[in-house]
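K.L.:
I have a structure here, written as structure tokens, and I will follow up with some questions on it.
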Amino acid sequence: MLYLCASSESPLYSAVGGALTMLGVNMLVPACRPRSPIISPYNWAWGIFFLELVIVPANIMLAGVRRATLPSLPSASSIEWVYILTILGYLSFSLAYWNTMRGVRRRAHGRSAMWTMNKGAALLYISFGALGLALAFTRISIVDYYSSPASIRDKSLQTSATLADALSELMRPFLVFGAVALWSRIANAGAKSRYTVYLGAICCACVIVLVYSTFSYNRGGIAVSLVCMTAAFSRHVRSVPFWVLSCVGGAFLFAMLFLGQYRESNLNMNAVLNDKGVATSLVSKADLSDLFQNYTSAPQFSAYLLERTGNESGWATEWYGGQPLIGTVMYPVPILGKGFREGSTLALYNREIYGNSVTLDQPVPFLGEIFMNFNIVGVLLGFCALGLVLGRIQQGFEATSSGLGTFCFQFMTIWICYSLHTSLGVVSQAFTYFCFPIYGLIATDWLRKRRLRRTPLRRVARAWDGISDRAHAQ
């Protein structure tokens with residue numbers, strides 16, 4: 001129906017094939033269908049593919065191909081070919097995920113302990129994160145930070161980052177995970193009053209907004225962590241109906257749109273609160289189709305990259321061999337990534353858009369950067385790797401019985417799935433700055449298992465097993 005209503009300037013003929021491909025996979029392969037609970041690792045990846053293969057083409061057919069930040073639009077044939085590559089990526093992802101989940105026995109044995117935290121460790125996480133939060137406001141006050149984003153933005157451009165700033169960025173996420181760990185203990189212990197669990201979840205949500213808003217009003221960090229908190233609450237406390245999730249999600253998207261416009265404006269909080277028309281004008285200035293296609297990396301963005309980085313024969317004939325891709329992954333890494341930044345795909349893509357090496361605010365579409373490095377082989381293998389990783393994460397998600405475990409698995413999933421509609425650089429940045437609390441949990445579990453293997457009781461048990469085996473052989 002949307003295809004019949006499409007304008008002649010942007011028909012996107014392959015959109016019908018993309019929708020039928022996704023429908024066929026879900027009909028023929030039960031393992032690739034959405035499953036309960038609603039917010040889970042695979043369901044999130046499935047939703048991203050639904051967005052890329054169905055919703056984005058529908059928007060293009062109704063609103064047209066938007067240029068957004070691009071200097072010019074690529075050819076219609078290039079946009080079609082990029083969409084076809086997206087379809088191939090989805091098929092590769094589904095095949096790998098199906099193969100990973102085939103015949104898996106869902107066992108919780110030995111996995112739940114890894115994603116639990118005692119009260120002392122949780123308080124240590126909270127203290128560590130609170131110290132990082134205090135370090136973030138050594139040069140500016142928290143009141144100035146929230147009341148006037150324009151002045152803070154100008155100050156950050158004039159001053160260079162210090163060691164305290166770097167430590168603060170690594171330490172602040174510990175506050176979020178420590179708060180979630182305490183709430184998880186209360187929820188898993190079965191508190192006598194359910195309102196205690198509800199109040200704890202609200203406090204965790206407030207901590208999430210406070211912490212991640214200090215990362216230059218980072219909307220991604222706020223959104224990801226709130227979704228993860230909702231997943232943990234829905235799975236371990238009370239299931240949240242789909243209609244509630246839809247309504248709250250719509251209101252939240254509106255709030256994130258307002259926050260983005262406020263961050264880029266020259267207004268202060270007093271003007272927004274005192275003049276009711278200011279908030280409305282901030283949101284009304286935004287072109288929703290432009291923003292939607294830009295943030296979902298619609299096919300024209302990958303097509304533009306591939307046309308600009310190809311040679312005279314066409315964008316499908318030149319391979320970069322992975323060097324720019326490594327630069328994109330290493331870009332957010334402090335010190336070590338400095339030597340890779342100039343030759344990264346991120347720098348190359350933004351130079352093609354803005355014509356300079358200073359402005360670097362446009363993430364590279366993942367599909368475009370793996371195709372320009374490894375051609376169609378890279379697309380198939382890259383999406384296959386994502387399917388394998390999501391399959392393993394889904395297994396861990398289903399096995400864990402801890403609210404903190406659910407939060408961690410969903411947290412990693414959402415950041416990994418960012419690669420489906422944005423750059424690997426964004427994923428690398430998240431795993432560089434936001435995931436150290438998870439690395440701490442993994443390291444603690446590894447040390448605990450290593451210590452158990454070295455205890456005298458463990459050695460006695462292993463010796464007894466050896467004696468029993470020899471007696472049985474005799």
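Following the order of the structure tokens, chains are lettered A, B, ..., residues in each are numbered from 1, and ligands are numbered from 1.
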Env of Tyr349 in chain A: 10 Å cut, atoms = only C-alpha atoms, seq-sep filter 6 positions within chain, self excluded. Answer as a list of chain:residue names.
P.N.:
A:Phe301, A:Ser302, A:Tyr304, A:Leu305, A:Leu306, A:Arg308, A:Thr309, A:Gly355, A:Ser357, A:Leu360, A:Gln362, A:Pro363, A:Val364, A:Pro365, A:Glu369
K.L.:
Next, the residues of the selection above should be written as a PDB file, in the first residue's frame with C-alpha atoms.
P.N.:
ATOM      1  CA  PHE A 301      24.068   7.827   3.706  1.00  0.00           C
ATOM      2  CA  SER A 302      25.866   4.576   2.922  1.00  0.00           C
ATOM      3  CA  TYR A 304      26.911   8.637  -0.497  1.00  0.00           C
ATOM      4  CA  LEU A 305      29.941   7.184   1.312  1.00  0.00           C
ATOM      5  CA  LEU A 306      30.423   4.436  -1.262  1.00  0.00           C
ATOM      6  CA  ARG A 308      32.585   9.236  -2.760  1.00  0.00           C
ATOM      7  CA  THR A 309      35.163   6.612  -1.792  1.00  0.00           C
ATOM      8  CA  GLY A 355      35.167  19.455   3.543  1.00  0.00           C
ATOM      9  CA  SER A 357      39.054  17.618   9.301  1.00  0.00           C
ATOM     10  CA  LEU A 360      33.393  14.942  13.143  1.00  0.00           C
ATOM     11  CA  GLN A 362      28.382  12.281  11.642  1.00  0.00           C
ATOM     12  CA  PRO A 363      28.802   8.550  12.416  1.00  0.00           C
ATOM     13  CA  VAL A 364      29.699   6.289   9.502  1.00  0.00           C
ATOM     14  CA  PRO A 365      26.986   3.794   8.488  1.00  0.00           C
ATOM     15  CA  GLU A 369      32.179   1.031   6.073  1.00  0.00           C
TER      16      GLU A 369
END
K.L.:
Using only C-alpha atoms, which residues of range 298-345 of chain A come within 12 Å of range 378-385 of chain A, and what is the closest atom pair for each, with the distance in Å to one decimal? Give it as JSON lines, sorted by chain and residue number.
P.N.:
{"residue": "A:Trp319", "atom": "CA", "partner": "A:Gly378", "partner_atom": "CA", "distance": 10.2}
{"residue": "A:Tyr320", "atom": "CA", "partner": "A:Gly378", "partner_atom": "CA", "distance": 11.2}
{"residue": "A:Gly321", "atom": "CA", "partner": "A:Gly378", "partner_atom": "CA", "distance": 9.8}
{"residue": "A:Gly322", "atom": "CA", "partner": "A:Gly378", "partner_atom": "CA", "distance": 9.6}
{"residue": "A:Leu325", "atom": "CA", "partner": "A:Gly378", "partner_atom": "CA", "distance": 11.3}
K.L.:
Mind dumping the selected residues with N, CA and C atoms as a short mmCIF file (atom, residue, chain, number, x, y, z; two decimals), in the first residue's frame?
P.N.:
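Saved as part-v4.cif:
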data_model
loop_
_atom_site.label_atom_id
_atom_site.label_comp_id
_atom_site.auth_asym_id
_atom_site.auth_seq_id
_atom_site.Cartn_x
_atom_site.Cartn_y
_atom_site.Cartn_z
N TRP A 319 38.49 -1.85 -2.85
CA TRP A 319 38.52 -2.36 -1.49
C TRP A 319 39.59 -1.62 -0.70
N TYR A 320 39.31 -1.31 0.55
CA TYR A 320 40.28 -0.63 1.40
C TYR A 320 41.02 -1.60 2.32
N GLY A 321 40.56 -2.83 2.42
CA GLY A 321 41.30 -3.86 3.14
C GLY A 321 41.26 -3.80 4.65
N GLY A 322 40.44 -2.94 5.24
CA GLY A 322 40.26 -2.96 6.69
C GLY A 322 40.99 -1.89 7.46
N LEU A 325 38.70 0.80 8.78
CA LEU A 325 37.80 0.20 9.77
C LEU A 325 38.48 0.07 11.13
#
K.L.:
Residues at most 7 Å from Val224 in chain A, counting only C-alpha atoms, excluding those fewer than 4 positions away in the same chain, as a list of chain:residue names?
P.N.:
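Here the qualifying residues turn out to be A:Gly220, A:Cys228, A:Phe411, A:Ile414.
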K.L.:
For the residues selected in the previous step, produce a file with C-alpha atoms as a PDB file, in the first residue's frame.
P.N.:
ATOM      1  CA  GLY A 220      22.144   7.480  23.955  1.00  0.00           C
ATOM      2  CA  CYS A 228      17.784  -1.998  30.291  1.00  0.00           C
ATOM      3  CA  PHE A 411      23.086  -3.144  27.955  1.00  0.00           C
ATOM      4  CA  ILE A 414      21.822  -2.377  22.623  1.00  0.00           C
TER       5      ILE A 414
END
K.L.:
Which residue, A:Arg33, A:Arg194, A:Arg172, A:Arg351, has the smallest gap to Ala136 in chain A when you use only C-alpha atoms?
P.N.:
A:Arg172
K.L.:
Write out as a VMD selection string each polymer residue whose atoms come within 9 Å of Phe409 in chain A, counting only C-alpha atoms; drop sequence neighbours fewer than 4 positions from it.
P.N.:
chain A and resid 40 to 41 228 393 to 394 396 to 397 404 to 405 413 to 414
K.L.:
Take the selection from the previous step and output its residues with C-alpha atoms, as a PDB file, in the first residue's frame.
P.N.:
ATOM      1  CA  SER A  40      15.302  -9.033  25.219  1.00  0.00           C
ATOM      2  CA  PRO A  41      18.549  -9.160  23.206  1.00  0.00           C
ATOM      3  CA  CYS A 228      17.784  -1.998  30.291  1.00  0.00           C
ATOM      4  CA  ILE A 393      24.143 -13.044  24.494  1.00  0.00           C
ATOM      5  CA  GLN A 394      20.574 -14.335  24.157  1.00  0.00           C
ATOM      6  CA  GLY A 396      23.201 -15.799  28.677  1.00  0.00           C
ATOM      7  CA  PHE A 397      20.140 -13.582  29.009  1.00  0.00           C
ATOM      8  CA  LEU A 404      21.713  -7.137  37.332  1.00  0.00           C
ATOM      9  CA  GLY A 405      22.475  -9.875  34.804  1.00  0.00           C
ATOM     10  CA  THR A 413      23.072  -5.895  23.269  1.00  0.00           C
ATOM     11  CA  ILE A 414      21.822  -2.377  22.623  1.00  0.00           C
TER      12      ILE A 414
END
K.L.:
Cys206 in chain A: which residues within 12 Å, counting only C-alpha atoms, same-chain residues fewer than 4 positions away excluded, as a ChimeraX atom specification?
P.N.:
/A:175-176,179-180,199-202,210-213,222,225-226,229
K.L.:
Report, in Å to a single decimal, how far apart CA of Trp46 in chain A and CA of Pro74 in chain A are.
P.N.:
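Rounded to one decimal, the two atoms are 27.9 Å apart.
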K.L.:
To one decimal in Å, tell me the separation between CA of Ile370 in chain A and CA of Val426 in chain A.
P.N.:
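Interatomic distance, CA of Ile370 in chain A to CA of Val426 in chain A: 14.7 Å.
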K.L.:
Using only C-alpha atoms, pick whichever of A:Ala303, A:Leu124, A:Leu420, A:Met61 has the shortest atom-to-atom distance to Ala76 in chain A.
P.N.:
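Of the candidates, the smallest distance to Ala76 in chain A is held by A:Ala303.
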K.L.:
Nearest residue to Thr214 in chain A out of A:Tyr145, A:Phe242, A:Phe93, A:Tyr418, using only C-alpha atoms?
P.N.:
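With only C-alpha atoms as the atom set, the closest residue is A:Tyr145.
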K.L.:
Between CA of Pro332 in chain A and CA of Ser428 in chain A, what is the distance, to one decimal in Å?
P.N.:
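CA of Pro332 in chain A sits 6.7 Å away from CA of Ser428 in chain A.
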K.L.:
Just asking: which residues within range 283-405 of chain A are alpha helix (DSSP H) according to DSSP, as number ranges by chain?
P.N.:
A: 283-284, 288-295, 299-309, 323-330, 345-354, 366-399, 403-405
K.L.:
Write the residues you've just listed into a file as a short mmCIF file (atom, residue, chain, number, x, y, z; two decimals), in the first residue's frame, and include C-alpha atoms for each of them.
P.N.:
data_model
loop_
_atom_site.label_atom_id
_atom_site.label_comp_id
_atom_site.auth_asym_id
_atom_site.auth_seq_id
_atom_site.Cartn_x
_atom_site.Cartn_y
_atom_site.Cartn_z
CA VAL A 283 10.63 20.87 18.99
CA SER A 284 8.75 22.40 16.07
CA LEU A 288 11.18 14.76 11.94
CA SER A 289 11.81 12.99 8.64
CA ASP A 290 15.28 14.51 8.39
CA LEU A 291 16.11 13.47 11.95
CA PHE A 292 14.59 10.02 11.54
CA GLN A 293 16.48 9.18 8.35
CA ASN A 294 19.69 10.68 9.72
CA TYR A 295 19.65 8.82 13.04
CA PRO A 299 20.35 3.93 2.64
CA GLN A 300 21.33 7.28 1.10
CA PHE A 301 24.07 7.83 3.71
CA SER A 302 25.87 4.58 2.92
CA ALA A 303 25.31 5.20 -0.79
CA TYR A 304 26.91 8.64 -0.50
CA LEU A 305 29.94 7.18 1.31
CA LEU A 306 30.42 4.44 -1.26
CA GLU A 307 30.07 6.79 -4.22
CA ARG A 308 32.58 9.24 -2.76
CA THR A 309 35.16 6.61 -1.79
CA GLN A 323 42.71 -0.19 7.61
CA PRO A 324 40.05 2.60 7.83
CA LEU A 325 37.80 0.20 9.77
CA ILE A 326 40.52 -0.41 12.37
CA GLY A 327 40.94 3.35 12.63
CA THR A 328 37.22 3.74 13.35
CA VAL A 329 37.28 1.09 16.08
CA MET A 330 40.40 2.59 17.69
CA THR A 345 36.49 5.87 8.08
CA LEU A 346 34.94 8.40 10.45
CA ALA A 347 37.44 11.10 9.45
CA LEU A 348 37.14 10.18 5.78
CA TYR A 349 33.33 10.30 5.81
CA ASN A 350 33.09 13.65 7.61
CA ARG A 351 35.70 15.19 5.30
CA GLU A 352 33.49 14.24 2.36
CA ILE A 353 30.48 15.88 4.05
CA TYR A 354 31.98 19.05 5.55
CA PHE A 366 28.20 0.30 9.44
CA LEU A 367 27.01 -1.23 6.20
CA GLY A 368 28.93 1.33 4.16
CA GLU A 369 32.18 1.03 6.07
CA ILE A 370 32.37 -2.77 5.94
CA PHE A 371 31.44 -2.77 2.25
CA MET A 372 34.10 -0.20 1.33
CA ASN A 373 36.68 -2.28 3.21
CA PHE A 374 35.75 -5.86 2.23
CA ASN A 375 33.00 -5.57 -0.41
CA ILE A 376 30.06 -7.96 -0.27
CA VAL A 377 32.15 -10.61 1.53
CA GLY A 378 32.54 -8.19 4.42
CA VAL A 379 28.80 -7.55 4.55
CA LEU A 380 27.99 -11.26 4.77
CA LEU A 381 30.71 -12.07 7.31
CA GLY A 382 30.12 -8.93 9.37
CA PHE A 383 26.41 -9.56 9.83
CA CYS A 384 27.11 -13.24 10.39
CA ALA A 385 29.44 -12.31 13.27
CA LEU A 386 26.70 -10.12 14.75
CA GLY A 387 24.29 -13.06 14.58
CA LEU A 388 26.72 -15.33 16.42
CA VAL A 389 27.38 -12.73 19.13
CA LEU A 390 23.67 -12.00 19.63
CA GLY A 391 22.97 -15.73 19.87
CA ARG A 392 25.48 -16.11 22.70
CA ILE A 393 24.14 -13.04 24.49
CA GLN A 394 20.57 -14.33 24.16
CA GLN A 395 21.64 -17.63 25.74
CA GLY A 396 23.20 -15.80 28.68
CA PHE A 397 20.14 -13.58 29.01
CA GLU A 398 17.82 -16.58 29.21
CA ALA A 399 20.10 -18.35 31.70
CA GLY A 403 18.16 -8.46 37.65
CA LEU A 404 21.71 -7.14 37.33
CA GLY A 405 22.47 -9.87 34.80
#
K.L.:
Taking only C-alpha atoms into account, which of A:Tyr331, A:Trp98, A:Trp446, A:Tyr198 comes nearest Ser234 in chain A?
P.N.:
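Among the listed residues, A:Tyr198 lies closest to Ser234 in chain A.
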K.L.:
Show which residues sit within 8 Å of Ala15 in chain A, as an MDAnalysis selection string. Count only C-alpha atoms, and ignore same-chain residues fewer than 3 positions away.
P.N.:
chainID A and resid 12 18:19 53:54 57 83
K.L.:
Find the residues near range 439-443 of chain A: any atom within 12 Å, counting only C-alpha atoms, skip ones fewer than 2 places away on the same chain, and give them as a ChimeraX atom specification.
P.N.:
/A:111-118,121-122,124-125,170-171,173-174,177-178,181,404-405,408,412,431-437,445-450
K.L.:
Let's have the selection written as a CSV table (one decimal), in the first residue's frame, with N, CA and C atoms.
P.N.:
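Wrote it out as again20.csv, contents follow:
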chain,number,residue,atom,x,y,z
A,111,ARG,N,26.0,-19.9,35.7
A,111,ARG,CA,26.0,-18.6,35.0
A,111,ARG,C,25.4,-17.5,35.9
A,112,SER,N,24.5,-17.8,36.7
A,112,SER,CA,23.8,-16.8,37.5
A,112,SER,C,24.8,-16.1,38.5
A,113,ALA,N,25.7,-16.9,39.1
A,113,ALA,CA,26.6,-16.3,40.1
A,113,ALA,C,27.5,-15.2,39.5
A,114,MET,N,27.8,-15.3,38.3
A,114,MET,CA,28.6,-14.3,37.7
A,114,MET,C,28.0,-12.9,37.7
A,115,TRP,N,26.7,-12.8,37.6
A,115,TRP,CA,26.0,-11.6,37.4
A,115,TRP,C,25.3,-11.2,38.7
A,116,THR,N,25.9,-11.5,39.8
A,116,THR,CA,25.4,-11.1,41.1
A,116,THR,C,26.5,-10.3,41.8
A,117,MET,N,26.1,-9.5,42.8
A,117,MET,CA,27.0,-8.6,43.5
A,117,MET,C,26.6,-8.5,44.9
A,118,ASN,N,27.5,-8.7,45.9
A,118,ASN,CA,27.1,-8.6,47.3
A,118,ASN,C,27.0,-7.1,47.6
A,121,ALA,N,30.3,-4.9,47.6
A,121,ALA,CA,30.7,-4.6,46.2
A,121,ALA,C,29.9,-3.6,45.6
A,122,ALA,N,28.6,-3.6,45.8
A,122,ALA,CA,27.6,-2.7,45.2
A,122,ALA,C,27.9,-1.3,45.8
A,124,LEU,N,30.7,-0.3,47.0
A,124,LEU,CA,32.0,0.2,46.5
A,124,LEU,C,31.8,0.7,45.1
A,125,TYR,N,31.0,0.1,44.3
A,125,TYR,CA,30.7,0.6,42.9
A,125,TYR,C,30.1,2.0,43.0
A,170,LEU,N,35.4,7.4,33.1
A,170,LEU,CA,35.5,6.0,33.3
A,170,LEU,C,34.8,5.6,34.6
A,171,MET,N,34.7,6.5,35.6
A,171,MET,CA,34.2,6.1,36.9
A,171,MET,C,32.7,6.3,37.0
A,173,PRO,N,30.0,5.6,35.2
A,173,PRO,CA,29.0,4.5,35.0
A,173,PRO,C,29.0,3.5,36.2
A,174,PHE,N,30.0,3.5,37.1
A,174,PHE,CA,30.0,2.6,38.2
A,174,PHE,C,28.8,2.9,39.1
A,177,PHE,N,25.6,1.1,37.8
A,177,PHE,CA,25.6,-0.3,38.0
A,177,PHE,C,25.6,-0.7,39.4
A,178,GLY,N,26.2,0.1,40.3
A,178,GLY,CA,26.1,-0.1,41.7
A,178,GLY,C,24.6,0.0,42.2
A,181,ALA,N,22.7,-2.9,41.0
A,181,ALA,CA,23.0,-4.1,41.8
A,181,ALA,C,22.3,-4.2,43.1
A,404,LEU,N,20.5,-7.8,37.8
A,404,LEU,CA,21.7,-7.1,37.3
A,404,LEU,C,22.2,-7.8,36.1
A,405,GLY,N,22.1,-9.1,36.0
A,405,GLY,CA,22.5,-9.9,34.8
A,405,GLY,C,21.6,-9.5,33.6
A,408,CYS,N,22.8,-6.1,32.4
A,408,CYS,CA,24.1,-6.2,31.7
A,408,CYS,C,24.0,-6.7,30.3
A,412,MET,N,24.7,-4.6,26.9
A,412,MET,CA,25.7,-4.9,25.8
A,412,MET,C,25.0,-5.1,24.5
A,431,PHE,N,31.9,0.7,24.6
A,431,PHE,CA,32.6,-0.3,25.3
A,431,PHE,C,34.0,0.2,25.9
A,432,THR,N,34.4,1.4,25.5
A,432,THR,CA,35.6,1.9,26.0
A,432,THR,C,35.3,2.7,27.3
A,433,TYR,N,34.2,3.4,27.3
A,433,TYR,CA,33.9,4.3,28.5
A,433,TYR,C,32.7,3.8,29.4
A,434,PHE,N,31.8,3.1,28.9
A,434,PHE,CA,30.6,2.8,29.6
A,434,PHE,C,30.6,1.4,30.2
A,435,CYS,N,31.5,0.5,29.8
A,435,CYS,CA,31.3,-1.0,30.1
A,435,CYS,C,32.4,-1.4,31.1
A,436,PHE,N,33.1,-0.5,31.8
A,436,PHE,CA,34.1,-1.0,32.8
A,436,PHE,C,33.4,-1.7,34.0
A,437,PRO,N,32.2,-1.3,34.4
A,437,PRO,CA,31.6,-2.0,35.5
A,437,PRO,C,31.3,-3.5,35.1
A,445,ASP,N,34.4,-12.6,38.7
A,445,ASP,CA,34.0,-14.0,38.5
A,445,ASP,C,35.2,-14.9,38.1
A,446,TRP,N,36.1,-14.4,37.2
A,446,TRP,CA,37.3,-15.2,36.9
A,446,TRP,C,38.2,-15.4,38.0
A,447,LEU,N,38.4,-14.4,38.9
A,447,LEU,CA,39.3,-14.6,40.1
A,447,LEU,C,38.6,-15.5,41.1
A,448,ARG,N,37.3,-15.4,41.2
A,448,ARG,CA,36.6,-16.3,42.1
A,448,ARG,C,36.8,-17.8,41.7
A,449,LYS,N,36.6,-18.1,40.4
A,449,LYS,CA,36.8,-19.5,40.0
A,449,LYS,C,38.2,-19.9,40.1
A,450,ARG,N,39.1,-19.0,39.8
A,450,ARG,CA,40.6,-19.4,39.9
A,450,ARG,C,40.9,-19.7,41.4
K.L.:
So, with only C-alpha atoms as the atoms that count, which of A:Val237, A:Gln429, A:Leu163, A:Lys119 lies closest to Ala187 in chain A?
P.N.:
A:Val237
K.L.:
Which residue out of A:Cys32, A:Ala231, A:Val143, A:Cys247 has the minimum interatomic distance to Phe49 in chain A when only C-alpha atoms are used?
P.N.:
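Selected residue with least distance to Phe49 in chain A: A:Cys32.
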